[in-house]
Amino acid sequence: MPKYLVGNALRLRSLAKINLDLRVLRKRPDGFHDVRTIFQTVSLSDMIEIAYTPSRRLAIHLDSDIPGNLIDRAAQLLGIPGHFEIRRTKRIPMGGGLGGGSSNAAATLLAIPALTNKCIPLEKLADLASQLGSDVPFFLLGGTALGLGRGTELYPFPDLKPYPAILVTPGIHVSTPQAYKALNRPGKDERSTPHAVRCTPYWTLPTAPPSSWPCCNDFETVVFPRHPQLKLIKGKLLKLGADLALMSGSGSTLFGIFTNRIERDSAVVSLRENFGNDKVFPVSLISRGAYRSLWWRQLRARGDEKTWPPQSRYAR
């Protein structure tokens, strides 16, 4: 741990996500799109280190290998006085549909109140998270969740098994605005009509094998023709034994979910021969229970009540 991270300091894992399913519905009057997606946390993570010194003023020093991110904005929105030294070490590839920046922002929203002994209700944190980005509120929840609207309207799903999986990040840049534009969704789309039946098949996910999950990603229809390599990677994941393979978000990360860890590990070796060790990540699906346990441990939260969001035993 760096020398400045002593005393009131935390070292945090900030987990990535994948979209097990992603449907783009209609364009909204505010310029965004309504979506219907299934978020899922996975074990790949960035490292965030935060040291706190009491002060009457808010001062943030961010020592990051990637300049300009949501961590500073999240700390500013919280508005808790103090001097915060923050270091982030990236491992989640940027711009790949894995939500690394959003996860970092949510980690900041969870960590600073616990570090400063403040009690901030989940509703308030969720409001701040939605101001930072569409994916940020999900990382206050973790596990498996249905996301509606801009993705900020969340409905927790029953936990999935900790299936082994692979992430392949080929480093191809996919423009999210261009991908939405290419889908050419109208202002009114019958698929955006709220109807519980449309989500009913998703509730079978915890009891069905991944090969039978009713999952797809609408962005593949416009991204794959522009970047054929991504379609080839998806095909290779399936050929190597993945029960389900999809692109995450608007790309360019591809993931494969396996039911057999030995088969997954063999696929990792094969894929790394083609793409290198820094482009292929063996991971596992992380349940909501495991996600919360991780945060209770790393925030040294009070363990008697298991409150959420995690709170310091001295919270007020």
# chains A, B, ... in the order shown; residues from 1 in each chain; ligands from 1
$ residues_around --residues "range 30-42 of chain A" --least-positions-apart "3" --cutoff "8 Å" --atoms "only C-alpha atoms" --output "PyMOL selection string"
chain A and resi 15-27+138+142-151+192+283-287
$ write_last_selection --atoms "C-alpha atoms" --output "compact mmCIF listing (two decimals), in the first residue's frame"
# COMPACT_ATOMS: atom_id res chain seq x y z
CA LEU A 15 -16.02 -4.94 -10.01
CA ALA A 16 -16.98 -5.00 -13.68
CA LYS A 17 -20.34 -5.96 -15.20
CA ILE A 18 -21.61 -7.62 -18.32
CA ASN A 19 -25.01 -7.33 -20.01
CA LEU A 20 -26.49 -10.81 -20.15
CA ASP A 21 -29.24 -9.37 -22.35
CA LEU A 22 -29.66 -5.95 -23.97
CA ARG A 23 -32.64 -4.69 -25.97
CA VAL A 24 -32.77 -1.10 -27.24
CA LEU A 25 -36.40 0.00 -27.36
CA ARG A 26 -37.19 3.58 -28.37
CA LYS A 27 -35.56 6.98 -28.46
CA PHE A 138 -26.55 -0.88 -10.73
CA GLY A 142 -24.69 -5.86 -7.73
CA GLY A 143 -25.58 -9.44 -8.61
CA THR A 144 -28.19 -9.92 -11.33
CA ALA A 145 -30.74 -7.20 -12.04
CA LEU A 146 -33.22 -6.12 -14.69
CA GLY A 147 -32.57 -2.54 -15.85
CA LEU A 148 -35.31 -0.50 -17.54
CA GLY A 149 -35.62 3.06 -18.83
CA ARG A 150 -32.09 4.42 -19.17
CA GLY A 151 -31.00 1.38 -17.15
CA SER A 192 -41.18 -0.33 -25.25
CA VAL A 283 -13.76 -14.54 -14.45
CA SER A 284 -16.79 -15.81 -12.59
CA LEU A 285 -20.29 -14.44 -12.11
CA ILE A 286 -20.67 -12.66 -8.77
CA SER A 287 -23.97 -12.96 -6.92
$ residues_around --residues "Tyr52 in chain A" --least-positions-apart "6" --cutoff "8 Å" --atoms "only C-alpha atoms" --output "JSON, numbers by chain"
{"A": [8, 9, 82, 83, 84, 85, 115, 116]}
$ write_last_selection --atoms "C-alpha atoms" --output "compact mmCIF listing (two decimals), in the first residue's frame"
# COMPACT_ATOMS: atom_id res chain seq x y z
CA ASN A 8 -8.17 6.31 7.77
CA ALA A 9 -7.64 4.47 4.51
CA GLY A 82 -12.38 16.24 4.11
CA HIS A 83 -9.09 15.76 2.30
CA PHE A 84 -9.22 12.65 0.13
CA GLU A 85 -6.19 11.06 -1.51
CA LEU A 115 -14.75 6.17 5.67
CA THR A 116 -16.04 9.43 7.16
$ closest_residue --among "A:Tyr291, A:Gly249, A:Pro81, A:Tyr163" --to "Leu58 in chain A" --atoms "only C-alpha atoms"
A:Pro81
$ closest_residue --among "A:Ala114, A:Val168, A:Leu128, A:Met94" --to "Arg297 in chain A" --atoms "only C-alpha atoms"
A:Ala114
$ residues_around --residues "Ser102 in chain A" --least-positions-apart "2" --cutoff "7 Å" --atoms "only C-alpha atoms" --output "PyMOL selection string"
chain A and resi 99-100+104-106+133+135-136
$ select_by_dssp --residues "range 29-257 of chain A" --states "alpha helix (DSSP H)" --output "number ranges by chain"
A: 70-78, 100-115, 122-132, 176-183, 220-226, 228-239
$ atom_distance --atom1 "CA of Ser14 in chain A" --atom2 "CA of Asn274 in chain A"
28.0 Å
$ closest_residue --among "A:Lys236, A:Arg288, A:His227, A:Arg28" --to "Ile172 in chain A" --atoms "only C-alpha atoms"
A:His227
$ closest_residue --among "A:Thr307, A:Gln298, A:Thr169, A:Ser211" --to "Gly96 in chain A" --atoms "only C-alpha atoms"
A:Thr169
$ atom_distance --atom1 "CA of Ile112 in chain A" --atom2 "CA of Ser43 in chain A"
22.3 Å
$ select_by_dssp --residues "range 10-194 of chain A" --states "strand (DSSP E or B)" --output "JSON, numbers by chain"
{"A": [10, 11, 12, 13, 14, 15, 16, 17, 18, 19, 20, 21, 22, 23, 24, 25, 26, 27, 33, 34, 35, 36, 37, 38, 39, 40, 41, 42, 43, 44, 45, 46, 47, 48, 49, 50, 51, 52, 53, 58, 59, 60, 61, 62, 63, 64, 82, 83, 84, 85, 86, 87, 88, 89, 144, 145, 146, 147, 148, 149, 153, 154, 155, 156, 164, 165, 166, 167, 168]}
$ closest_residue --among "A:Arg226, A:Lys234, A:Lys279, A:Lys161" --to "Ala208 in chain A" --atoms "only C-alpha atoms"
A:Lys161
$ residues_around --residues "Leu238 in chain A" --least-positions-apart "3" --cutoff "12 Å" --atoms "only C-alpha atoms" --output "PDB file with N, CA and C atoms, in the first residue's frame"
ATOM      1  N   ALA A 165     -16.530 -17.927 -16.521  1.00  0.00           N
ATOM      2  CA  ALA A 165     -16.747 -17.195 -17.768  1.00  0.00           C
ATOM      3  C   ALA A 165     -15.418 -16.658 -18.292  1.00  0.00           C
ATOM      4  N   ILE A 166     -15.456 -16.153 -19.495  1.00  0.00           N
ATOM      5  CA  ILE A 166     -14.291 -15.539 -20.142  1.00  0.00           C
ATOM      6  C   ILE A 166     -14.710 -14.194 -20.707  1.00  0.00           C
ATOM      7  N   PRO A 210     -27.264 -21.992 -18.972  1.00  0.00           N
ATOM      8  CA  PRO A 210     -27.029 -20.806 -19.798  1.00  0.00           C
ATOM      9  C   PRO A 210     -27.336 -21.009 -21.272  1.00  0.00           C
ATOM     10  N   SER A 211     -27.205 -22.224 -21.759  1.00  0.00           N
ATOM     11  CA  SER A 211     -27.467 -22.482 -23.177  1.00  0.00           C
ATOM     12  C   SER A 211     -28.919 -22.230 -23.557  1.00  0.00           C
ATOM     13  N   LYS A 231     -17.581 -10.734 -34.379  1.00  0.00           N
ATOM     14  CA  LYS A 231     -18.442 -11.890 -34.651  1.00  0.00           C
ATOM     15  C   LYS A 231     -17.621 -13.173 -34.653  1.00  0.00           C
ATOM     16  N   LEU A 232     -16.391 -13.094 -35.172  1.00  0.00           N
ATOM     17  CA  LEU A 232     -15.529 -14.275 -35.189  1.00  0.00           C
ATOM     18  C   LEU A 232     -15.160 -14.711 -33.771  1.00  0.00           C
ATOM     19  N   ILE A 233     -14.916 -13.733 -32.886  1.00  0.00           N
ATOM     20  CA  ILE A 233     -14.581 -14.063 -31.497  1.00  0.00           C
ATOM     21  C   ILE A 233     -15.766 -14.739 -30.818  1.00  0.00           C
ATOM     22  N   LYS A 234     -16.972 -14.226 -31.063  1.00  0.00           N
ATOM     23  CA  LYS A 234     -18.163 -14.858 -30.488  1.00  0.00           C
ATOM     24  C   LYS A 234     -18.270 -16.302 -30.959  1.00  0.00           C
ATOM     25  N   GLY A 235     -18.060 -16.527 -32.249  1.00  0.00           N
ATOM     26  CA  GLY A 235     -18.113 -17.887 -32.778  1.00  0.00           C
ATOM     27  C   GLY A 235     -17.053 -18.784 -32.175  1.00  0.00           C
ATOM     28  N   GLY A 241     -16.708 -24.175 -26.396  1.00  0.00           N
ATOM     29  CA  GLY A 241     -17.532 -24.788 -25.368  1.00  0.00           C
ATOM     30  C   GLY A 241     -18.389 -23.863 -24.543  1.00  0.00           C
ATOM     31  N   ALA A 242     -18.404 -22.548 -24.855  1.00  0.00           N
ATOM     32  CA  ALA A 242     -19.260 -21.634 -24.097  1.00  0.00           C
ATOM     33  C   ALA A 242     -20.724 -21.983 -24.317  1.00  0.00           C
ATOM     34  N   ASP A 243     -21.497 -22.002 -23.229  1.00  0.00           N
ATOM     35  CA  ASP A 243     -22.927 -22.258 -23.341  1.00  0.00           C
ATOM     36  C   ASP A 243     -23.674 -21.029 -23.849  1.00  0.00           C
ATOM     37  N   LEU A 244     -23.115 -19.864 -23.590  1.00  0.00           N
ATOM     38  CA  LEU A 244     -23.692 -18.604 -24.057  1.00  0.00           C
ATOM     39  C   LEU A 244     -22.550 -17.657 -24.359  1.00  0.00           C
ATOM     40  N   ALA A 245     -22.604 -16.990 -25.494  1.00  0.00           N
ATOM     41  CA  ALA A 245     -21.595 -15.989 -25.852  1.00  0.00           C
ATOM     42  C   ALA A 245     -22.306 -14.778 -26.433  1.00  0.00           C
ATOM     43  N   LEU A 246     -21.929 -13.589 -25.968  1.00  0.00           N
ATOM     44  CA  LEU A 246     -22.548 -12.351 -26.415  1.00  0.00           C
ATOM     45  C   LEU A 246     -21.552 -11.209 -26.303  1.00  0.00           C
ATOM     46  N   LEU A 254     -16.407  -9.225 -25.694  1.00  0.00           N
ATOM     47  CA  LEU A 254     -17.232 -10.425 -25.848  1.00  0.00           C
ATOM     48  C   LEU A 254     -17.069 -11.282 -24.599  1.00  0.00           C
ATOM     49  N   PHE A 255     -18.148 -11.915 -24.163  1.00  0.00           N
ATOM     50  CA  PHE A 255     -18.035 -12.823 -23.027  1.00  0.00           C
ATOM     51  C   PHE A 255     -18.611 -14.178 -23.388  1.00  0.00           C
ATOM     52  N   GLY A 256     -18.076 -15.188 -22.747  1.00  0.00           N
ATOM     53  CA  GLY A 256     -18.593 -16.542 -22.871  1.00  0.00           C
ATOM     54  C   GLY A 256     -18.824 -17.117 -21.488  1.00  0.00           C
ATOM     55  N   ILE A 257     -19.977 -17.725 -21.269  1.00  0.00           N
ATOM     56  CA  ILE A 257     -20.306 -18.339 -19.990  1.00  0.00           C
ATOM     57  C   ILE A 257     -20.264 -19.856 -20.143  1.00  0.00           C
ATOM     58  N   PHE A 258     -19.567 -20.509 -19.227  1.00  0.00           N
ATOM     59  CA  PHE A 258     -19.368 -21.950 -19.269  1.00  0.00           C
ATOM     60  C   PHE A 258     -20.029 -22.583 -18.046  1.00  0.00           C
ATOM     61  N   GLU A 263     -13.279 -26.862 -18.853  1.00  0.00           N
ATOM     62  CA  GLU A 263     -13.468 -26.464 -20.248  1.00  0.00           C
ATOM     63  C   GLU A 263     -13.201 -24.977 -20.418  1.00  0.00           C
ATOM     64  N   ARG A 264     -13.615 -24.168 -19.449  1.00  0.00           N
ATOM     65  CA  ARG A 264     -13.346 -22.729 -19.505  1.00  0.00           C
ATOM     66  C   ARG A 264     -11.851 -22.455 -19.494  1.00  0.00           C
ATOM     67  N   ALA A 267     -10.275 -23.159 -22.730  1.00  0.00           N
ATOM     68  CA  ALA A 267     -10.606 -22.119 -23.700  1.00  0.00           C
ATOM     69  C   ALA A 267      -9.753 -20.879 -23.487  1.00  0.00           C
ATOM     70  N   LEU A 271      -7.526 -19.078 -26.383  1.00  0.00           N
ATOM     71  CA  LEU A 271      -7.780 -17.687 -26.763  1.00  0.00           C
ATOM     72  C   LEU A 271      -6.557 -16.804 -26.531  1.00  0.00           C
TER      73      LEU A 271
END
$ residues_around --residues "Lys124 in chain A" --least-positions-apart "4" --cutoff "12 Å" --atoms "only C-alpha atoms" --output "compact mmCIF listing (two decimals) with N, CA and C atoms, in the first residue's frame"
# COMPACT_ATOMS: atom_id res chain seq x y z
N LEU A 77 -20.08 15.27 -5.73
CA LEU A 77 -21.52 15.20 -5.52
C LEU A 77 -21.86 14.85 -4.08
N LEU A 78 -21.08 13.97 -3.46
CA LEU A 78 -21.32 13.63 -2.07
C LEU A 78 -21.17 14.86 -1.17
N LEU A 109 -19.05 6.36 -4.09
CA LEU A 109 -20.28 6.70 -3.36
C LEU A 109 -20.47 5.81 -2.13
N LEU A 110 -20.04 4.55 -2.23
CA LEU A 110 -20.17 3.63 -1.10
C LEU A 110 -19.07 3.84 -0.05
N PRO A 113 -18.76 7.70 2.47
CA PRO A 113 -19.58 7.79 3.70
C PRO A 113 -19.10 6.85 4.80
N CYS A 119 -23.83 8.55 7.51
CA CYS A 119 -24.91 7.64 7.12
C CYS A 119 -25.73 8.30 6.01
N ILE A 120 -25.64 7.78 4.79
CA ILE A 120 -26.39 8.32 3.66
C ILE A 120 -27.32 7.24 3.16
N LEU A 128 -27.80 10.25 -6.61
CA LEU A 128 -26.49 10.76 -7.03
C LEU A 128 -25.91 9.89 -8.15
N ALA A 129 -26.07 8.58 -8.01
CA ALA A 129 -25.54 7.66 -9.01
C ALA A 129 -26.16 7.90 -10.38
N SER A 130 -27.48 8.14 -10.42
CA SER A 130 -28.15 8.36 -11.70
C SER A 130 -27.69 9.64 -12.36
N GLN A 131 -27.20 10.60 -11.57
CA GLN A 131 -26.67 11.83 -12.14
C GLN A 131 -25.30 11.61 -12.79
N PRO A 137 -26.06 3.35 -10.96
CA PRO A 137 -26.93 2.82 -9.90
C PRO A 137 -26.84 1.30 -9.74
N LEU A 140 -24.51 -0.04 -7.14
CA LEU A 140 -24.91 0.06 -5.75
C LEU A 140 -25.68 -1.19 -5.32
N PRO A 309 -26.77 0.61 2.34
CA PRO A 309 -25.33 0.49 2.06
C PRO A 309 -24.52 0.28 3.32
